[in-house]
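So this one's structure.txt, compact mmCIF, C-alpha atoms and all ligand atoms:
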```txt
# COMPACT_ATOMS: atom_id res chain seq x y z
CA MET A 1 -13.27 -6.22 9.24
CA SER A 2 -9.87 -6.99 7.84
CA GLN A 3 -8.34 -5.89 4.59
CA PRO A 4 -5.21 -7.77 3.59
CA LEU A 5 -3.82 -6.17 0.44
CA VAL A 6 -1.15 -6.68 -2.17
CA ILE A 7 -0.73 -3.30 -3.81
CA ALA A 8 1.03 -2.32 -7.01
CA ASN A 9 2.49 1.17 -6.68
CA TRP A 10 3.49 2.21 -10.18
CA LYS A 11 4.72 5.61 -8.99
CA MET A 12 5.32 7.91 -11.99
CA ASN A 13 5.81 4.91 -14.28
CA LEU A 14 3.71 2.78 -16.55
CA PRO A 15 4.33 -0.90 -17.25
CA LEU A 16 6.73 -1.23 -20.18
CA GLY A 17 4.20 -2.57 -22.70
CA GLY A 18 1.43 -0.23 -21.51
CA ILE A 19 -1.56 -0.83 -19.27
CA GLN A 20 -3.58 -2.91 -21.71
CA ASP A 21 -0.71 -5.39 -22.18
CA TRP A 22 -0.06 -5.50 -18.44
CA ILE A 23 -3.66 -6.55 -17.75
CA GLN A 24 -4.68 -8.49 -20.80
CA ASP A 25 -1.45 -10.10 -22.00
CA GLU A 26 0.57 -10.47 -18.81
CA MET A 27 -1.92 -10.87 -15.97
CA MET A 28 -5.22 -12.18 -17.32
CA PRO A 29 -4.01 -15.10 -19.45
CA ASN A 30 -2.69 -16.58 -16.22
CA VAL A 31 -6.03 -16.25 -14.48
CA ASP A 32 -8.31 -19.02 -15.55
CA ILE A 33 -11.64 -17.28 -14.88
CA VAL A 34 -13.95 -15.23 -17.07
CA ASP A 35 -17.00 -14.63 -14.92
CA PHE A 36 -17.11 -11.06 -13.46
CA ASP A 37 -18.14 -12.10 -9.93
CA LYS A 38 -15.49 -14.80 -9.78
CA LYS A 39 -12.88 -12.34 -11.01
CA SER A 40 -13.95 -9.82 -8.36
CA SER A 41 -13.63 -12.46 -5.71
CA TYR A 42 -10.23 -13.64 -6.98
CA PHE A 43 -8.83 -10.09 -7.10
CA LYS A 44 -10.34 -8.86 -3.86
CA PHE A 45 -6.96 -8.54 -2.14
CA MET A 46 -5.19 -6.86 -5.06
CA GLY A 47 -4.89 -3.09 -5.26
CA ILE A 48 -3.40 -1.02 -8.04
CA ALA A 49 -2.22 2.57 -7.58
CA PRO A 50 -1.39 3.92 -11.05
CA PRO A 51 -0.52 7.52 -11.91
CA ILE A 52 -3.80 9.47 -11.65
CA SER A 53 -3.70 10.25 -15.36
CA HIS A 54 -4.29 6.54 -16.07
CA LEU A 55 -6.98 5.73 -13.51
CA SER A 56 -9.82 5.82 -16.02
CA GLU A 57 -8.06 3.53 -18.48
CA LEU A 58 -7.28 1.10 -15.70
CA LYS A 59 -10.83 1.28 -14.37
CA ASN A 60 -12.15 0.18 -17.78
CA LEU A 61 -9.76 -2.76 -18.02
CA PHE A 62 -9.81 -3.77 -14.35
CA SER A 63 -13.40 -2.98 -13.40
CA PHE A 64 -13.50 -6.03 -11.10
CA GLY A 65 -10.47 -4.78 -9.10
CA PHE A 66 -9.49 -2.40 -6.39
CA LEU A 67 -8.00 0.95 -7.41
CA GLY A 68 -6.17 3.51 -5.34
CA ALA A 69 -4.40 6.85 -5.34
CA GLN A 70 -0.70 7.30 -4.62
CA ASP A 71 -1.50 10.42 -2.59
CA ILE A 72 -4.38 12.82 -1.91
CA SER A 73 -4.68 16.45 -0.95
CA LYS A 74 -4.91 17.38 2.70
CA TYR A 75 -7.63 19.84 1.65
CA ASN A 76 -11.18 19.12 0.56
CA ASP A 77 -11.46 21.69 -2.23
CA GLY A 78 -10.62 25.21 -3.33
CA ALA A 79 -7.60 27.16 -4.53
CA LYS A 80 -4.90 24.51 -4.12
CA THR A 81 -3.21 24.34 -7.51
CA GLY A 82 -1.94 20.89 -8.37
CA ASP A 83 -3.87 19.07 -5.65
CA ILE A 84 -6.52 16.39 -6.15
CA SER A 85 -9.11 15.89 -3.45
CA ALA A 86 -10.29 12.67 -1.88
CA ALA A 87 -13.75 13.22 -3.36
CA MET A 88 -12.23 13.51 -6.83
CA MET A 89 -10.27 10.31 -6.29
CA ILE A 90 -13.43 8.51 -5.24
CA GLU A 91 -15.17 9.75 -8.37
CA LYS A 92 -12.32 8.22 -10.39
CA GLY A 93 -12.90 4.85 -8.73
CA CYS A 94 -10.35 4.90 -5.91
CA SER A 95 -11.16 3.10 -2.69
CA PHE A 96 -7.77 3.45 -1.01
CA SER A 97 -4.96 5.97 -0.93
CA ILE A 98 -1.29 5.57 -0.13
CA LEU A 99 -0.27 8.28 2.35
CA GLY A 100 3.17 9.48 3.44
CA HIS A 101 5.24 7.35 1.08
CA SER A 102 8.94 7.93 1.79
CA GLU A 103 9.29 9.56 -1.64
CA ARG A 104 6.60 12.09 -0.71
CA ARG A 105 8.49 12.72 2.52
CA GLU A 106 11.89 13.01 0.79
CA PHE A 107 10.99 15.02 -2.31
CA TYR A 108 8.01 17.06 -1.08
CA GLY A 109 8.81 17.53 2.58
CA GLU A 110 5.75 15.66 3.76
CA THR A 111 5.76 15.38 7.56
CA ASN A 112 3.92 13.14 9.99
CA SER A 113 1.56 15.98 10.77
CA ILE A 114 0.64 16.36 7.08
CA VAL A 115 0.14 12.60 6.86
CA ARG A 116 -2.18 12.85 9.86
CA GLU A 117 -4.28 15.52 8.12
CA LYS A 118 -4.53 13.33 5.04
CA LEU A 119 -5.42 10.36 7.20
CA LYS A 120 -8.32 12.30 8.69
CA ILE A 121 -9.55 13.22 5.22
CA CYS A 122 -9.44 9.57 4.16
CA LEU A 123 -11.34 8.46 7.24
CA ALA A 124 -13.99 11.14 6.80
CA LYS A 125 -14.50 10.01 3.20
CA GLU A 126 -14.20 6.30 4.01
CA ILE A 127 -11.19 5.79 1.78
CA ILE A 128 -8.91 3.08 3.13
CA PRO A 129 -5.68 4.82 4.17
CA VAL A 130 -2.45 2.98 3.42
CA VAL A 131 -0.12 4.88 5.74
CA CYS A 132 3.59 4.43 5.03
CA ILE A 133 6.13 4.51 7.83
CA GLY A 134 9.74 3.34 7.96
CA GLU A 135 13.19 4.00 9.32
CA SER A 136 16.39 5.22 7.64
CA ILE A 137 19.45 3.02 7.24
CA GLU A 138 21.15 4.97 10.07
CA ASP A 139 18.26 4.18 12.41
CA TYR A 140 18.30 0.55 11.36
CA ASN A 141 22.05 0.18 11.85
CA THR A 142 21.95 1.76 15.29
CA GLY A 143 19.00 -0.30 16.52
CA LYS A 144 16.56 2.63 16.53
CA THR A 145 13.94 1.15 14.21
CA LEU A 146 11.23 0.70 16.83
CA ASP A 147 11.84 4.14 18.36
CA THR A 148 11.52 5.81 14.97
CA LEU A 149 8.37 3.91 14.11
CA GLU A 150 6.83 4.74 17.46
CA ILE A 151 7.42 8.47 16.90
CA GLN A 152 5.87 8.27 13.44
CA LEU A 153 2.88 6.28 14.67
CA LYS A 154 2.23 8.59 17.61
CA GLU A 155 2.40 11.71 15.45
CA ILE A 156 0.04 10.21 12.88
CA PHE A 157 -2.41 8.06 14.87
CA SER A 158 -2.69 9.45 18.41
CA SER A 159 -6.35 9.70 19.48
CA ILE A 160 -7.69 8.67 16.08
CA ILE A 161 -11.08 6.99 16.43
CA THR A 162 -12.43 5.12 13.43
CA GLN A 163 -14.31 2.11 12.21
CA THR A 164 -12.72 2.38 8.76
CA VAL A 165 -10.09 -0.27 8.25
CA ILE A 166 -6.55 1.07 8.55
CA VAL A 167 -3.65 -0.27 6.52
CA ILE A 168 -0.11 0.57 7.58
CA ALA A 169 2.71 -0.10 5.15
CA TYR A 170 5.97 -0.74 6.96
CA GLU A 171 8.58 0.33 4.43
CA PRO A 172 12.16 0.64 5.66
CA VAL A 173 13.47 3.53 3.55
CA TRP A 174 16.71 1.64 2.92
CA ALA A 175 14.81 -1.30 1.43
CA ILE A 176 12.85 0.63 -1.19
CA GLY A 177 14.17 -0.06 -4.67
CA THR A 178 17.53 -1.32 -3.38
CA GLY A 179 17.19 -5.11 -3.42
CA ASN A 180 17.95 -5.15 0.32
CA THR A 181 15.36 -6.24 2.87
CA PRO A 182 15.13 -7.04 6.56
CA SER A 183 14.52 -10.73 7.25
CA SER A 184 10.92 -11.84 7.18
CA SER A 185 11.01 -12.71 10.89
CA GLU A 186 12.38 -9.26 11.71
CA VAL A 187 9.51 -7.71 9.75
CA ASN A 188 7.04 -9.98 11.50
CA ASN A 189 8.18 -8.77 14.95
CA ILE A 190 8.13 -5.15 13.84
CA HIS A 191 4.58 -5.55 12.53
CA GLN A 192 3.49 -6.90 15.91
CA HIS A 193 4.97 -3.79 17.57
CA ILE A 194 3.21 -1.54 15.08
CA LYS A 195 -0.14 -3.19 15.82
CA ASP A 196 0.43 -2.95 19.58
CA ILE A 197 1.41 0.71 19.44
CA VAL A 198 -1.56 1.73 17.30
CA GLN A 199 -3.96 -0.20 19.53
CA SER A 200 -2.55 1.62 22.55
CA ILE A 201 -2.80 5.17 21.16
CA ALA A 202 -5.87 5.05 18.92
CA ASN A 203 -9.30 3.52 18.83
CA VAL A 204 -9.40 1.61 15.54
CA GLU A 205 -11.41 -1.45 14.68
CA ALA A 206 -9.04 -3.14 12.28
CA ILE A 207 -5.38 -2.66 11.45
CA ASN A 208 -3.59 -4.50 8.71
CA VAL A 209 0.16 -4.11 8.40
CA ILE A 210 1.69 -4.78 5.03
CA TYR A 211 5.38 -4.82 4.11
CA GLY A 212 7.07 -2.84 1.34
CA GLY A 213 10.66 -2.70 0.15
CA SER A 214 12.19 -4.81 -2.62
CA VAL A 215 9.51 -7.51 -2.55
CA ASN A 216 9.90 -9.74 -5.60
CA CYS A 217 8.95 -13.20 -6.88
CA GLU A 218 11.83 -14.82 -5.01
CA ASN A 219 11.26 -13.40 -1.54
CA ALA A 220 7.49 -12.70 -1.45
CA LYS A 221 6.44 -16.06 -0.05
CA SER A 222 8.81 -15.86 2.91
CA PHE A 223 7.17 -12.58 3.94
CA PHE A 224 3.61 -13.79 3.40
CA GLN A 225 4.22 -16.90 5.51
CA GLN A 226 4.65 -14.68 8.59
CA SER A 227 1.52 -14.28 10.68
CA ASN A 228 1.74 -10.49 11.13
CA ILE A 229 2.40 -9.63 7.49
CA ASP A 230 -0.96 -8.87 5.94
CA GLY A 231 0.15 -8.16 2.39
CA ALA A 232 2.68 -6.06 0.51
CA LEU A 233 3.24 -2.73 -1.18
CA ILE A 234 5.22 -3.36 -4.33
CA GLY A 235 6.99 -0.84 -6.52
CA GLY A 236 9.49 -2.14 -9.10
CA ALA A 237 8.23 -5.72 -9.33
CA SER A 238 4.66 -4.56 -9.97
CA LEU A 239 5.51 -3.08 -13.35
CA ASP A 240 5.73 -6.59 -14.79
CA GLY A 241 2.23 -8.10 -14.80
CA LYS A 242 3.43 -11.71 -14.67
CA ASN A 243 5.71 -11.05 -11.71
CA PHE A 244 3.01 -9.16 -9.87
CA LEU A 245 0.48 -11.91 -10.43
CA ASN A 246 2.99 -14.53 -9.22
CA ILE A 247 3.52 -12.52 -6.05
CA TYR A 248 -0.24 -12.18 -5.63
CA ASN A 249 -0.73 -15.91 -6.07
CA ASP A 250 1.94 -16.55 -3.43
CA PHE A 251 -0.08 -14.33 -1.14
CA LEU A 252 -3.34 -16.18 -1.83
CA GLU A 253 -1.64 -19.48 -1.05
CA THR A 254 -0.73 -18.32 2.44
CA LEU A 255 -4.17 -16.99 3.40
C1 LIG B 1 7.68 1.34 -2.77
O1 LIG B 1 8.10 2.29 -3.41
O2 LIG B 1 6.71 1.46 -2.02
C2 LIG B 1 8.38 0.07 -2.91
C3 LIG B 1 8.16 -0.85 -2.02
O3 LIG B 1 9.22 -0.03 -3.97
P1 LIG B 1 10.08 -1.34 -4.35
O4 LIG B 1 9.13 -2.51 -4.34
O5 LIG B 1 10.58 -1.05 -5.75
O6 LIG B 1 11.16 -1.47 -3.35
```

Mind converting the file's structure to structure tokens?
Ligand code: PEP
Amino acid sequence: MSQPLVIANWKMNLPLGGIQDWIQDEMMPNVDIVDFDKKSSYFKFMGIAPPISHLSELKNLFSFGFLGAQDISKYNDGAKTGDISAAMMIEKGCSFSILGHSERREFYGETNSIVREKLKICLAKEIIPVVCIGESIEDYNTGKTLDTLEIQLKEIFSSIITQTVIVIAYEPVWAIGTGNTPSSSEVNNIHQHIKDIVQSIANVEAINVIYGGSVNCENAKSFFQQSNIDGALIGGASLDGKNFLNIYNDFLETL
């Protein structure tokens, strides 16, 4: 099974005009279908990860779509103030969770070993994990990208056995929110390495590697045209419904 995905990561933001406008005024008028099944089929590669507080609202407006969490607890339940468990996320309608985003690593000290614990929780609950990895600008400039990614992958995926589809988001830290990106062919080669490494250290049925970092309407197509780029994780550009839909349509065209 494969799960290409174009994911909107709203982080701790909401679209400027609110969620209703984002869906009904910006996205839906551009989608010429009304039937629920057809909508579900059209949107089957689109994921939205809103702030948890707005999952229910989004679920009502986007019932035909694919919702996710931006993070989950590494614990299943109990006295863990502030945490939200995978089971609670599932109850709210989430079928995937972003794990180990560079902002979680930078601001909350999340390590590869924590990401691994969260990965195991996702797999046990059959939530699709969207595991973020990526190198710093220093690593990139000194040619250490592949070494850094290999360390991250080994610490997170070694000996993992699963039939749940795995999504890895390759997000160079220096590309997030900066307008700078590696070239699409560079990303394509890196994604091939990521797939090879995971296949060699873990026993997983399906790996999809998506790219994140300053994807926008202008550059999206060049990424999607590459054979090893199975989608995108999109921050800033996803807050505008029209832009996000344009990017999604570019993705559909290259399938
Ligand atoms: C992200 O935060 O995952 C991201 C890719 O952000 P942006 O698209 O704004 O670079």

Select all residues near (8.2, -0.7, 13.8) (cut-off 8 Å, inclusive, file coordinates), counting only C-alpha atoms, and output them as a list in words.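 Those within range, by chain then number, are Gly134, Thr145, Leu146, Asp147, Thr148, Leu149, Glu150, Tyr170, Ile190, His191, His193 and Ile194 of chain A.
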
What does the structure give for the distance between CA of Gly93 in chain A and CA of Glu126 in chain A, in Å to one decimal? 12.9 Å

Write out as number ranges by chain each polymer residue (protein, DNA or RNA) that has an atom no more than 7 Å from ligand LIG 1 (chain B), with all atoms listed in the file counted. A: 9, 101, 171, 175-178, 212-215, 233-237

Can you measure CA of Tyr211 in chain A to CA of Ile166 in chain A for me? One decimal in Å is fine. 14.0 Å

Near Ile161 in chain A, within 12 Å and counting all atoms listed in the file, which residues show up once chain neighbours fewer than 3 positions away are dropped, as a list in words?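 Non-adjacent residues within range: Leu119, Lys120, Leu123, Ala124, Phe157, Ser158, Thr164, Val165, Ile166, Val198, Gln199, Ser200, Ile201, Ala202, Asn203, Val204, Glu205 and Ala206 of chain A.
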
Would you compute the distance between CA of Asp25 in chain A and CA of Ile98 in chain A? Give it in Å to one decimal.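 Going from CA of Asp25 in chain A over to CA of Ile98 in chain A covers 26.9 Å.
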
May I ask which of the residues A:Val209, A:Ala86, A:Met46, A:Val187 is the closest one to Gly65 in chain A, counting only C-alpha atoms? A:Met46

Counting all atoms listed in the file, note down every residue that has an atom within 12 Å of the point (1.5, -14.2, 12.0) (file coordinates), as a PyMOL selection string. chain A and resi 184-192+195+208-210+222-231+254-255

Determine the nearest neighbour of Ile48 in chain A from the options A:Tyr140, A:Tyr75, A:Phe107, A:Phe244, counting only C-alpha atoms. A:Phe244

Between A:Leu67, A:Lys11, A:Ile121, A:Leu16, which is the closest to Arg104 in chain A once you count only C-alpha atoms? A:Lys11

Which residues come within 10 Å of Glu26 in chain A, counting only C-alpha atoms, excluding same-chain residues fewer than 6 positions away, as a list in words? Gly17, Ile19, Gln20, Asp240, Gly241, Lys242, Asn243, Phe244 and Leu245 of chain A

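In this comparison, which uses only C-alpha atoms, the residue of A:Asp71, A:Glu138, A:Asp35, A:Asp250 approaching Trp174 in chain A most closely is A:Glu138.
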
To box range 158-170 of chain A, take all atoms listed in the file, fit an axis-aligned box, add 6 Å on each side, and give centre and edge lengths in Å to one decimal, as AutoDock Vina command-line options.
```
--center_x -4.2 --center_y 4.5 --center_z 12.3 --size_x 32.3 --size_y 22.4 --size_z 26.3
```

Hey, what's within 12 Å of Leu55 in chain A if we count all atoms listed in the file and toss same-chain stuff fewer than 6 positions away? As a PDB file with C-alpha atoms, keeping the file's coordinate frame, please?
```
ATOM      1  CA  TRP A  10       3.490   2.210 -10.180  1.00  0.00           C
ATOM      2  CA  LEU A  14       3.710   2.780 -16.550  1.00  0.00           C
ATOM      3  CA  ILE A  19      -1.560  -0.830 -19.270  1.00  0.00           C
ATOM      4  CA  ILE A  48      -3.400  -1.020  -8.040  1.00  0.00           C
ATOM      5  CA  ALA A  49      -2.220   2.570  -7.580  1.00  0.00           C
ATOM      6  CA  LEU A  61      -9.760  -2.760 -18.020  1.00  0.00           C
ATOM      7  CA  PHE A  62      -9.810  -3.770 -14.350  1.00  0.00           C
ATOM      8  CA  SER A  63     -13.400  -2.980 -13.400  1.00  0.00           C
ATOM      9  CA  GLY A  65     -10.470  -4.780  -9.100  1.00  0.00           C
ATOM     10  CA  PHE A  66      -9.490  -2.400  -6.390  1.00  0.00           C
ATOM     11  CA  LEU A  67      -8.000   0.950  -7.410  1.00  0.00           C
ATOM     12  CA  GLY A  68      -6.170   3.510  -5.340  1.00  0.00           C
ATOM     13  CA  ALA A  69      -4.400   6.850  -5.340  1.00  0.00           C
ATOM     14  CA  GLN A  70      -0.700   7.300  -4.620  1.00  0.00           C
ATOM     15  CA  MET A  88     -12.230  13.510  -6.830  1.00  0.00           C
ATOM     16  CA  MET A  89     -10.270  10.310  -6.290  1.00  0.00           C
ATOM     17  CA  ILE A  90     -13.430   8.510  -5.240  1.00  0.00           C
ATOM     18  CA  GLU A  91     -15.170   9.750  -8.370  1.00  0.00           C
ATOM     19  CA  LYS A  92     -12.320   8.220 -10.390  1.00  0.00           C
ATOM     20  CA  GLY A  93     -12.900   4.850  -8.730  1.00  0.00           C
ATOM     21  CA  CYS A  94     -10.350   4.900  -5.910  1.00  0.00           C
ATOM     22  CA  SER A  95     -11.160   3.100  -2.690  1.00  0.00           C
TER      23      SER A  95
END
```

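If only C-alpha atoms are the atoms counted, then among A:Lys44, A:Cys122, A:Pro172, A:Glu106 the closest residue to Tyr248 in chain A is A:Lys44.
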
When you count all atoms listed in the file, which of these residues is closest to Trp22 in chain A: A:Ala8, A:Gln3, A:Glu103, A:Phe64? A:Ala8
